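Read the structure below first, then the notes.
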Amino acid sequence: LKPFWLKLSVCFFQQAAMAEPKEESVDKMATDPPADAAGEEAAKDGAKRADGEDSAEGEAKKSEEPKEMEQDAPVDAREKVDASAAVFHTADTTLNVMAVSKGKLLMGLTDGGFQYLLAGARASVGVKAGRYMFEVKIVESLNLVEPQSNGGRVPQPRQLVRVGVSTTGSSLFLSDGPDNVGFDSEGYLVQDKTKKRVSQKFTRGQIIAVLVNLDAASPNANTISLFRDGERVSAPQPIPEHLHGKPLFPHITYKNVTLQVNF
């Protein structure tokens, strides 16, 4: 005879085995991809859709960007004025202008109070038709030590550059009088002792270009534009009507800076 407790244990294990749920076996279709492969395919599809959306968004942004209003001109085979002909004659510069490097580098006197005075220079070659551009680079910005004063305010800004055009025989200071127009380093269009903010500021190390459009066939005829390091920073600004048809000469007014010019 088997002990009573052994019979009970056998019956208990048999009942436990009968109570356990049986695992159902489900045959997967042969066409179902593995779970990992399906996840990878879904990720690839999502990436493709994202790339497509980014591409469409980029194209939309490009189409929204304003088109440059001054396109490159076709090649002109006509004889050109030699760049060395554009200089600054003494008669067209103020007394505090120092032109060095064959007139391509402009400096100014700064001793004895000259640091508070503007210097002006007008080039010797002007334009009366077509489109032309000249460049100015601010290669040095001077921060001079101010003498002891009795609380007087130092004129601001300490450094200033104005670039534009003027007629022959007009004032040597841009914004002084009606016969000139230009931009200054503070972002203003200056003309006849008035100023209007029309552009971004420019400073040391940047190349500033003034484009003069006197092409009667252009939609921007009789305007000037400002570029900084090759990018437009102002819309075309109208040249005063009384200057239309007159030869206009590149003109620079500055204070406490050294400038390199390129015609």
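If you're wondering about the labels, chains in the structure tokens are A, B, ... by order shown, residues count from 1 in each chain, ligands from 1 in order shown.
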Fewer than 3 positions away in the same chain doesn't count, so skip those; otherwise give me all residues within 12 Å of A:Ala99, counting only C-alpha atoms, as a PyMOL selection string. chain A and resi 87-90+92-96+102-109+119-123+258-261
Would you export the selected residues with C-alpha atoms as a PDB file, in the first residue's frame, please?
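Generated output (again31.pdb):
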ATOM      1  CA  VAL A  87      41.158 109.059 -58.802  1.00  0.00           C
ATOM      2  CA  PHE A  88      40.531 111.732 -56.178  1.00  0.00           C
ATOM      3  CA  HIS A  89      41.845 115.127 -57.241  1.00  0.00           C
ATOM      4  CA  THR A  90      42.888 117.552 -54.524  1.00  0.00           C
ATOM      5  CA  ASP A  92      37.568 117.525 -55.003  1.00  0.00           C
ATOM      6  CA  THR A  93      38.692 116.558 -51.490  1.00  0.00           C
ATOM      7  CA  THR A  94      38.618 118.323 -48.138  1.00  0.00           C
ATOM      8  CA  LEU A  95      41.865 119.407 -46.488  1.00  0.00           C
ATOM      9  CA  ASN A  96      41.827 116.532 -43.972  1.00  0.00           C
ATOM     10  CA  LYS A 102      47.627 105.705 -55.716  1.00  0.00           C
ATOM     11  CA  GLY A 103      44.398 107.070 -54.320  1.00  0.00           C
ATOM     12  CA  LYS A 104      42.862 103.677 -53.515  1.00  0.00           C
ATOM     13  CA  LEU A 105      43.227 104.064 -49.751  1.00  0.00           C
ATOM     14  CA  LEU A 106      41.608 107.005 -47.953  1.00  0.00           C
ATOM     15  CA  MET A 107      42.618 108.140 -44.468  1.00  0.00           C
ATOM     16  CA  GLY A 108      41.882 111.260 -42.470  1.00  0.00           C
ATOM     17  CA  LEU A 109      43.669 113.588 -40.087  1.00  0.00           C
ATOM     18  CA  ALA A 119      36.326 114.299 -44.576  1.00  0.00           C
ATOM     19  CA  GLY A 120      34.922 114.259 -48.115  1.00  0.00           C
ATOM     20  CA  ALA A 121      36.205 113.050 -51.475  1.00  0.00           C
ATOM     21  CA  ARG A 122      34.615 112.964 -54.936  1.00  0.00           C
ATOM     22  CA  ALA A 123      35.992 110.716 -57.708  1.00  0.00           C
ATOM     23  CA  THR A 258      40.412 104.086 -43.196  1.00  0.00           C
ATOM     24  CA  LEU A 259      38.768 103.110 -46.471  1.00  0.00           C
ATOM     25  CA  GLN A 260      39.812 101.082 -49.504  1.00  0.00           C
ATOM     26  CA  VAL A 261      37.995 102.006 -52.715  1.00  0.00           C
TER      27      VAL A 261
END
Could you pull the residues within 7 Å of stretch 152-168 of chain A, counting only C-alpha atoms, minus those fewer than 2 positions along the same chain, as a PyMOL selection string? chain A and resi 141+149-150+170+174+179-185+210+247-257
Please save N, CA, C and O atoms of the selected residues as a JSON list (two decimals), in the first residue's frame.
[["chain", "number", "residue", "atom", "x", "y", "z"],
["A", 141, "SER", "N", 38.95, 101.02, -38.19],
["A", 141, "SER", "CA", 38.04, 101.88, -37.44],
["A", 141, "SER", "C", 38.80, 102.40, -36.22],
["A", 141, "SER", "O", 39.28, 101.61, -35.39],
["A", 149, "SER", "N", 37.53, 116.77, -20.61],
["A", 149, "SER", "CA", 36.59, 117.86, -20.90],
["A", 149, "SER", "C", 35.78, 118.18, -19.66],
["A", 149, "SER", "O", 35.83, 117.46, -18.66],
["A", 150, "ASN", "N", 35.02, 119.24, -19.76],
["A", 150, "ASN", "CA", 34.19, 119.66, -18.62],
["A", 150, "ASN", "C", 32.78, 119.08, -18.74],
["A", 150, "ASN", "O", 31.78, 119.78, -18.59],
["A", 170, "SER", "N", 29.50, 120.40, -56.57],
["A", 170, "SER", "CA", 28.62, 120.46, -55.41],
["A", 170, "SER", "C", 29.42, 120.31, -54.12],
["A", 170, "SER", "O", 30.65, 120.17, -54.15],
["A", 174, "LEU", "N", 28.51, 114.62, -48.36],
["A", 174, "LEU", "CA", 27.23, 114.02, -48.69],
["A", 174, "LEU", "C", 26.18, 114.41, -47.66],
["A", 174, "LEU", "O", 26.46, 114.40, -46.46],
["A", 179, "ASP", "N", 22.41, 118.54, -54.28],
["A", 179, "ASP", "CA", 23.01, 117.94, -55.46],
["A", 179, "ASP", "C", 23.79, 116.67, -55.17],
["A", 179, "ASP", "O", 24.81, 116.36, -55.81],
["A", 180, "ASN", "N", 23.37, 115.91, -54.18],
["A", 180, "ASN", "CA", 23.99, 114.62, -53.88],
["A", 180, "ASN", "C", 22.97, 113.73, -53.18],
["A", 180, "ASN", "O", 21.96, 114.21, -52.66],
["A", 181, "VAL", "N", 23.26, 112.44, -53.15],
["A", 181, "VAL", "CA", 22.41, 111.48, -52.45],
["A", 181, "VAL", "C", 23.28, 110.26, -52.11],
["A", 181, "VAL", "O", 24.19, 109.92, -52.87],
["A", 182, "GLY", "N", 23.01, 109.64, -50.97],
["A", 182, "GLY", "CA", 23.83, 108.49, -50.57],
["A", 182, "GLY", "C", 23.30, 107.78, -49.34],
["A", 182, "GLY", "O", 22.25, 108.13, -48.79],
["A", 183, "PHE", "N", 24.06, 106.78, -48.91],
["A", 183, "PHE", "CA", 23.73, 105.98, -47.72],
["A", 183, "PHE", "C", 24.80, 106.21, -46.67],
["A", 183, "PHE", "O", 25.96, 106.46, -46.99],
["A", 184, "ASP", "N", 24.42, 106.11, -45.39],
["A", 184, "ASP", "CA", 25.43, 106.18, -44.34],
["A", 184, "ASP", "C", 25.48, 104.88, -43.56],
["A", 184, "ASP", "O", 24.62, 104.01, -43.69],
["A", 185, "SER", "N", 26.56, 104.74, -42.74],
["A", 185, "SER", "CA", 26.81, 103.49, -42.02],
["A", 185, "SER", "C", 25.81, 103.22, -40.92],
["A", 185, "SER", "O", 25.81, 102.13, -40.34],
["A", 210, "VAL", "N", 27.84, 100.41, -53.92],
["A", 210, "VAL", "CA", 26.75, 101.30, -54.35],
["A", 210, "VAL", "C", 26.49, 101.06, -55.83],
["A", 210, "VAL", "O", 27.41, 101.19, -56.65],
["A", 247, "PRO", "N", 25.65, 114.13, -65.08],
["A", 247, "PRO", "CA", 26.71, 113.18, -64.70],
["A", 247, "PRO", "C", 26.83, 113.11, -63.17],
["A", 247, "PRO", "O", 26.87, 114.13, -62.50],
["A", 248, "LEU", "N", 26.88, 111.89, -62.67],
["A", 248, "LEU", "CA", 26.97, 111.66, -61.23],
["A", 248, "LEU", "C", 28.29, 110.98, -60.91],
["A", 248, "LEU", "O", 28.67, 110.01, -61.56],
["A", 249, "PHE", "N", 28.97, 111.50, -59.89],
["A", 249, "PHE", "CA", 30.31, 111.02, -59.54],
["A", 249, "PHE", "C", 30.28, 110.29, -58.20],
["A", 249, "PHE", "O", 29.62, 110.74, -57.25],
["A", 250, "PRO", "N", 31.01, 109.17, -58.10],
["A", 250, "PRO", "CA", 31.12, 108.48, -56.80],
["A", 250, "PRO", "C", 31.65, 109.44, -55.74],
["A", 250, "PRO", "O", 32.57, 110.21, -55.98],
["A", 251, "HIS", "N", 31.06, 109.37, -54.55],
["A", 251, "HIS", "CA", 31.37, 110.32, -53.50],
["A", 251, "HIS", "C", 31.41, 109.60, -52.15],
["A", 251, "HIS", "O", 30.55, 108.75, -51.87],
["A", 252, "ILE", "N", 32.41, 109.95, -51.34],
["A", 252, "ILE", "CA", 32.58, 109.32, -50.02],
["A", 252, "ILE", "C", 32.79, 110.41, -48.98],
["A", 252, "ILE", "O", 33.58, 111.35, -49.18],
["A", 253, "THR", "N", 32.08, 110.30, -47.87],
["A", 253, "THR", "CA", 32.29, 111.16, -46.71],
["A", 253, "THR", "C", 32.54, 110.26, -45.52],
["A", 253, "THR", "O", 31.83, 109.25, -45.34],
["A", 254, "TYR", "N", 33.55, 110.58, -44.69],
["A", 254, "TYR", "CA", 33.91, 109.64, -43.61],
["A", 254, "TYR", "C", 34.54, 110.37, -42.43],
["A", 254, "TYR", "O", 34.93, 111.55, -42.53],
["A", 255, "LYS", "N", 34.66, 109.61, -41.33],
["A", 255, "LYS", "CA", 35.27, 110.16, -40.10],
["A", 255, "LYS", "C", 35.83, 109.00, -39.28],
["A", 255, "LYS", "O", 35.14, 108.02, -39.02],
["A", 256, "ASN", "N", 37.09, 109.12, -38.89],
["A", 256, "ASN", "CA", 37.76, 108.16, -37.99],
["A", 256, "ASN", "C", 37.76, 106.73, -38.53],
["A", 256, "ASN", "O", 37.61, 105.76, -37.79],
["A", 257, "VAL", "N", 37.93, 106.59, -39.84],
["A", 257, "VAL", "CA", 38.06, 105.28, -40.46],
["A", 257, "VAL", "C", 39.09, 105.37, -41.58],
["A", 257, "VAL", "O", 39.45, 106.45, -42.04]]
Would you give me, as number ranges by chain, the residues in stretch 81-188 of chain A that DSSP reads as strand (DSSP E or B)? A: 93, 97-100, 105-108, 119-122, 127, 130-141, 160-166, 180-184, 188
Env of A:Asp215: 10 Å cut, atoms = only C-alpha atoms, seq-sep filter 5 positions within chain, self excluded. Answer as a PyMOL selection string. chain A and resi 128-132+220-223
